[in-house]
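Listing of work07.cif, mmCIF, C-alpha atoms
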data_data
loop_
_atom_site.label_atom_id
_atom_site.label_comp_id
_atom_site.auth_asym_id
_atom_site.auth_seq_id
_atom_site.Cartn_x
_atom_site.Cartn_y
_atom_site.Cartn_z
CA MET F 1 -11.81 11.87 -24.58
CA PRO F 2 -10.22 13.51 -21.47
CA MET F 3 -11.07 17.14 -20.83
CA ASP F 4 -8.49 19.84 -21.29
CA VAL F 5 -6.34 20.26 -18.14
CA LYS F 6 -7.32 23.88 -17.61
CA ALA F 7 -10.99 23.09 -18.15
CA SER F 8 -10.80 20.22 -15.63
CA GLN F 9 -9.20 22.43 -13.00
CA ALA F 10 -11.73 25.20 -13.62
CA MET F 11 -14.57 22.71 -13.20
CA VAL F 12 -13.25 21.60 -9.80
CA ARG F 13 -12.78 25.22 -8.69
CA ARG F 14 -16.37 25.94 -9.69
CA ARG F 15 -17.56 22.94 -7.66
CA PHE F 16 -15.99 24.50 -4.52
CA ALA F 17 -17.32 27.98 -5.30
CA GLU F 18 -20.90 26.80 -5.93
CA LEU F 19 -21.11 24.68 -2.81
CA ASP F 20 -19.73 27.58 -0.77
CA LYS F 21 -22.75 29.51 -2.07
CA LYS F 22 -24.94 26.55 -0.95
CA ASN F 23 -25.93 25.90 -4.54
CA PHE F 24 -26.57 22.18 -4.11
CA GLY F 25 -27.94 22.00 -7.65
CA VAL F 26 -24.35 21.50 -8.85
CA PHE F 27 -24.56 17.88 -7.70
CA ASP F 28 -27.04 17.09 -10.47
CA GLU F 29 -25.29 19.38 -12.96
CA MET F 30 -21.60 18.49 -12.45
CA PHE F 31 -21.59 15.05 -10.78
CA ALA F 32 -22.12 11.73 -12.56
CA GLY F 33 -25.04 9.58 -11.41
CA SER F 34 -22.51 6.86 -10.49
CA TYR F 35 -20.39 9.28 -8.44
CA ARG F 36 -18.56 7.88 -5.41
CA LEU F 37 -17.07 9.88 -2.50
CA ASN F 38 -14.26 8.13 -0.62
CA LEU F 39 -13.60 9.43 2.90
CA PRO F 40 -11.10 8.07 5.47
CA GLY F 41 -12.80 5.99 8.15
CA MET F 42 -15.93 5.29 6.09
CA PRO F 43 -16.63 1.55 5.65
CA LYS F 44 -17.51 2.17 2.00
CA ALA F 45 -17.73 5.01 -0.49
CA LEU F 46 -20.78 7.29 -0.43
CA ASP F 47 -22.99 7.33 -3.52
CA LEU F 48 -24.35 10.56 -4.96
CA ASP F 49 -27.32 10.73 -2.57
CA GLY F 50 -25.05 10.04 0.40
CA THR F 51 -22.67 12.73 -0.84
CA LYS F 52 -25.50 15.26 -0.99
CA ASP F 53 -26.51 14.40 2.58
CA PHE F 54 -22.92 14.70 3.79
CA TYR F 55 -22.33 18.15 2.30
CA TYR F 56 -25.76 19.36 3.41
CA MET F 57 -24.78 18.38 6.97
CA LEU F 58 -21.40 20.11 6.59
CA TYR F 59 -22.81 23.41 5.30
CA THR F 60 -25.60 23.35 7.90
CA ALA F 61 -23.02 23.01 10.68
CA PHE F 62 -20.74 25.65 9.12
CA PRO F 63 -23.08 27.93 7.13
CA ASP F 64 -20.37 30.49 6.34
CA LEU F 65 -17.86 27.85 5.18
CA LYS F 66 -15.52 29.15 2.48
CA HIS F 67 -12.73 27.36 0.63
CA LYS F 68 -9.55 28.90 -0.71
CA ILE F 69 -7.80 26.90 -3.42
CA VAL F 70 -4.11 26.71 -2.56
CA GLU F 71 -2.81 24.48 -5.34
CA GLN F 72 -4.02 22.28 -8.19
CA ILE F 73 -2.21 19.55 -10.12
CA SER F 74 -3.69 17.61 -13.03
CA ALA F 75 -2.70 14.39 -14.78
CA GLY F 76 -4.85 12.55 -17.29
CA ASN F 77 -8.45 12.63 -16.04
CA LYS F 78 -7.54 13.44 -12.41
CA VAL F 79 -7.36 16.80 -10.64
CA VAL F 80 -5.65 17.11 -7.26
CA THR F 81 -6.75 20.18 -5.30
CA ARG F 82 -5.22 21.37 -2.03
CA TRP F 83 -7.44 23.79 -0.11
CA GLU F 84 -7.93 25.71 3.12
CA ALA F 85 -11.39 26.25 4.61
CA THR F 86 -12.70 28.67 7.22
CA GLY F 87 -16.08 28.82 8.90
CA THR F 88 -18.08 29.07 12.13
CA HIS F 89 -19.51 26.10 14.02
CA ARG F 90 -23.20 27.15 14.28
CA ALA F 91 -25.03 23.79 14.29
CA ALA F 92 -24.41 20.22 15.39
CA PHE F 93 -21.66 18.45 13.46
CA MET F 94 -21.03 14.71 13.81
CA GLY F 95 -22.78 14.68 17.17
CA ILE F 96 -20.99 17.76 18.54
CA ALA F 97 -23.23 20.61 19.66
CA PRO F 98 -22.60 24.06 18.15
CA THR F 99 -19.77 25.99 19.83
CA GLN F 100 -19.80 29.20 17.74
CA SER F 101 -16.05 28.60 17.28
CA LYS F 102 -14.24 29.99 14.27
CA VAL F 103 -12.40 27.16 12.55
CA THR F 104 -9.70 26.80 9.92
CA PHE F 105 -8.72 23.45 8.45
CA THR F 106 -7.07 22.09 5.34
CA GLY F 107 -7.56 19.18 2.99
CA ILE F 108 -6.87 17.56 -0.37
CA ASN F 109 -9.45 16.35 -2.91
CA ILE F 110 -8.51 14.06 -5.78
CA TYR F 111 -11.24 14.14 -8.41
CA THR F 112 -11.69 11.78 -11.34
CA LEU F 113 -13.52 13.19 -14.36
CA THR F 114 -15.41 10.99 -16.82
CA ARG F 115 -17.20 12.34 -19.89
CA GLY F 116 -17.09 15.88 -18.58
CA LYS F 117 -18.47 15.07 -15.12
CA LEU F 118 -17.05 14.37 -11.68
CA SER F 119 -17.28 10.60 -11.29
CA GLN F 120 -15.22 9.93 -8.15
CA SER F 121 -13.24 11.67 -5.42
CA HIS F 122 -10.84 10.72 -2.64
CA VAL F 123 -10.92 13.33 0.12
CA ASN F 124 -8.60 13.81 3.08
CA TRP F 125 -9.24 16.53 5.68
CA ASP F 126 -7.31 17.58 8.74
CA MET F 127 -10.12 16.25 10.92
CA LEU F 128 -7.93 16.16 14.03
CA SER F 129 -7.43 19.93 13.90
CA LEU F 130 -11.11 20.57 13.13
CA MET F 131 -12.30 18.47 16.07
CA GLN F 132 -9.87 20.17 18.44
CA GLN F 133 -11.13 23.59 17.36
CA ILE F 134 -14.75 22.72 18.14
CA GLY F 135 -13.89 21.53 21.63
CA THR F 136 -13.45 17.76 21.52
CA ASP F 137 -10.80 16.00 23.57
CA ALA F 138 -8.86 14.67 20.60
CA PRO F 139 -5.17 14.31 21.50
CA ARG F 140 -2.82 16.88 20.06
CA LEU F 141 0.09 15.76 17.95
CA ALA F 142 3.44 16.78 19.40
CA LEU F 143 7.03 16.71 18.25
CA PRO F 144 9.70 14.77 20.14
CA PRO F 145 11.35 17.12 22.70
CA LYS F 146 14.67 17.46 20.85
CA ARG F 147 12.98 18.33 17.54
CA ALA F 148 10.51 20.67 19.25
CA ALA F 149 13.44 22.58 20.80
CA GLU F 150 15.08 22.93 17.39
CA TRP F 151 11.86 24.14 15.74
CA GLY F 152 10.71 26.29 18.64
CA SER F 153 7.50 24.31 19.15
CA THR F 154 5.69 24.73 22.47
CA ASN F 155 3.43 21.68 22.30
CA ALA F 156 6.01 18.96 22.89
CA PRO F 157 5.34 16.62 25.78
CA ARG F 158 7.44 17.12 28.84
CA GLN F 159 10.51 14.97 29.08
CA LYS F 160 11.57 13.59 32.44
CA LYS F 161 14.74 15.15 33.72
CA ARG F 162 17.60 12.78 34.26
CA ALA F 163 19.77 12.99 37.34
CA PRO F 164 23.33 14.06 36.41
CA VAL F 165 26.03 11.44 36.76
CA ARG F 166 28.46 12.04 39.58
CA ALA F 167 32.12 11.34 38.91
CA ARG F 168 35.19 11.31 41.06
CA SER F 169 37.90 13.87 40.37
CA ARG F 170 41.65 13.38 40.68
CA LYS F 171 41.70 14.91 44.18
CA GLY F 172 40.86 12.36 46.86
CA ASN F 173 37.23 11.50 47.36
CA ARG F 174 35.84 14.86 46.33
CA SER F 175 33.37 14.74 43.50
CA ARG F 176 31.86 17.22 41.07
CA TRP F 177 29.20 17.42 38.40
CA PRO F 178 30.76 16.78 34.98
CA SER F 179 29.56 18.54 31.88
CA GLY F 180 30.33 17.66 28.28
CA ARG F 181 32.12 14.35 28.97
CA ARG F 182 34.49 13.14 26.27
CA VAL F 183 35.36 9.68 24.98
CA CYS F 184 38.89 8.31 24.93
CA ASN F 185 39.83 4.76 24.02
CA ASP F 186 36.16 3.77 24.24
CA ASN F 187 35.89 5.15 27.80
CA LEU F 188 33.97 8.14 29.13
CA VAL F 189 36.38 10.59 30.77
CA GLU F 190 36.21 13.87 32.66
CA PRO F 191 36.23 16.88 30.31
CA ARG F 192 38.75 18.93 32.26
CA PHE F 193 41.50 16.54 31.22
CA ASP F 194 42.80 16.10 27.70
CA ALA F 195 40.87 13.57 25.63
CA CYS F 196 43.69 11.04 25.86
CA ALA F 197 45.41 12.01 29.11
CA SER F 198 47.72 9.44 30.66
CA LYS F 199 45.35 8.99 33.62
CA PRO F 200 41.84 9.88 32.52
CA VAL F 201 39.12 9.61 35.10
CA LYS F 202 36.77 6.87 33.96
CA LEU F 203 33.06 7.02 34.60
CA PRO F 204 31.10 3.85 35.29
CA ARG F 205 30.23 2.11 32.05
CA ALA F 206 26.58 1.96 33.11
CA THR F 207 26.29 5.70 32.57
CA SER F 208 26.63 5.24 28.82
CA VAL F 209 23.71 2.79 28.56
CA TRP F 210 20.50 4.12 27.03
CA HIS F 211 17.19 2.55 28.10
CA GLU F 212 14.00 2.54 26.05
CA HIS F 213 11.98 3.84 28.98
CA ASP F 214 14.22 6.90 29.26
CA GLU F 215 12.53 8.52 26.26
CA PRO F 216 8.77 8.91 25.67
CA VAL F 217 7.28 6.97 22.77
CA TYR F 218 5.52 8.92 20.01
CA PRO F 219 3.12 6.68 18.06
CA LEU F 220 2.31 7.71 14.51
#
Render the structure in this file as structure tokens.
Amino acid sequence: MPMDVKASQAMVRRRFAELDKKNFGVFDEMFAGSYRLNLPGMPKALDLDGTKDFYYMLYTAFPDLKHKIVEQISAGNKVVTRWEATGTHRAAFMGIAPTQSKVTFTGINIYTLTRGKLSQSHVNWDMLSLMQQIGTDAPRLALPPKRAAEWGSTNAPRQKKRAPVRARSRKGNRSRWPSGRRVCNDNLVEPRFDACASKPVKLPRATSVWHEHDEPVYPL
């Protein structure tokens, strides 16, 4: 019979609190013997012994690690927990020597409870941010330039400046730099004339062509 929702959430909160105290005895108390930990990038799920080793490594590398529960949602025998963790990198972690850096990262754990014990979890951390904070050369995610300008972000990659298009004016061969060109009858025209003037100045059609290589590509 599934546990009460509040009891299930309280059990998961206690799991975080006890491990933050380095009470590794909770693995034998609260975790099923058949427990499986699913982590992104792992070829297969870790069993209970592998899970103990993983968290021992984590709390050795970040001995002052503390989790703050941000949100919990429950359905049936599952508890979804969103958290934020802070700590100091004081020992080697995943091959990276200690940096003494203060870190903050977030994650989501989805726990499955069976007969009053934690039987499985799917865990996703913001590993990219964590690795950047302890000094690795992981690439930073960046917004496309237009969106970064709207949101005020400063980490967008630089966009190559395009040379302005030169257009002839009505007076002889003199030319000027147009700004805010308008479209009339499917033609680009100089803005200083009415949109549908009798003799609009047409710009070369090539100026309205967009090329893929004009914009940087942002892989997901």
Looking at F:Ala97, F:Ala17, F:Leu48, F:Leu39, which one is nearest to F:Lys68, with distances taken over all atoms listed in the file?
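Closest candidate: F:Ala17.
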May I have the residues within 10 Å of F:Ile96 as a VMD selection string, using all atoms listed in the file and disregarding those fewer than 6 positions away in the same chain? chain F and resid 61 89 131 134 to 136
In terms of all atoms listed in the file, the residue from F:Met94, F:Ile110, F:Ala85, F:Val70 at minimal distance from F:Asn124 is F:Ile110
Review point. Out of F:Arg14, F:Leu118, F:Phe62, F:Ile73, which residue has the shortest atom-to-atom distance to F:Leu37 when counting only C-alpha atoms?
Key: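 Residue with the minimum atom-to-atom distance to F:Leu37: F:Leu118.
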note - atom CA of F:Ala92 and atom CA of F:Gly33 are separated by 28.8 Å
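The residue that comes closest to F:Glu71, out of F:Gln9, F:Asn23, F:Ser121, F:Gln132 and on the basis of all atoms listed in the file, is F:Gln9.
Of note, atom CA of F:Leu19 and atom CA of F:Trp125 are spaced 16.7 Å apart.
Remark: for F:Ser8, the closest of the candidate residues F:Gly87, F:Gly107, F:Gly76, F:Pro43 is F:Gly76 (distances computed over only C-alpha atoms).
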Leaving out F:Gly25 and any residue of its chain fewer than 6 positions from it, which residues lie within 12 Å of it when counting all atoms listed in the file, given as a compact mmCIF listing (two decimals) with C-alpha atoms, in the coordinates of the input?
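So the final result, stored in result-v3.txt, reads:
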# COMPACT_ATOMS: atom_id res chain seq x y z
CA ARG F 15 -17.56 22.94 -7.66
CA GLU F 18 -20.90 26.80 -5.93
CA LEU F 19 -21.11 24.68 -2.81
CA PHE F 31 -21.59 15.05 -10.78
CA LYS F 52 -25.50 15.26 -0.99
CA TYR F 56 -25.76 19.36 3.41
- Task: Go ahead and compute the interatomic distance for atom CA of F:Thr106 and atom CA of F:Arg36, in Å to one decimal.
- Result: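 Going from atom CA of F:Thr106 over to atom CA of F:Arg36, I get 21.2 Å.
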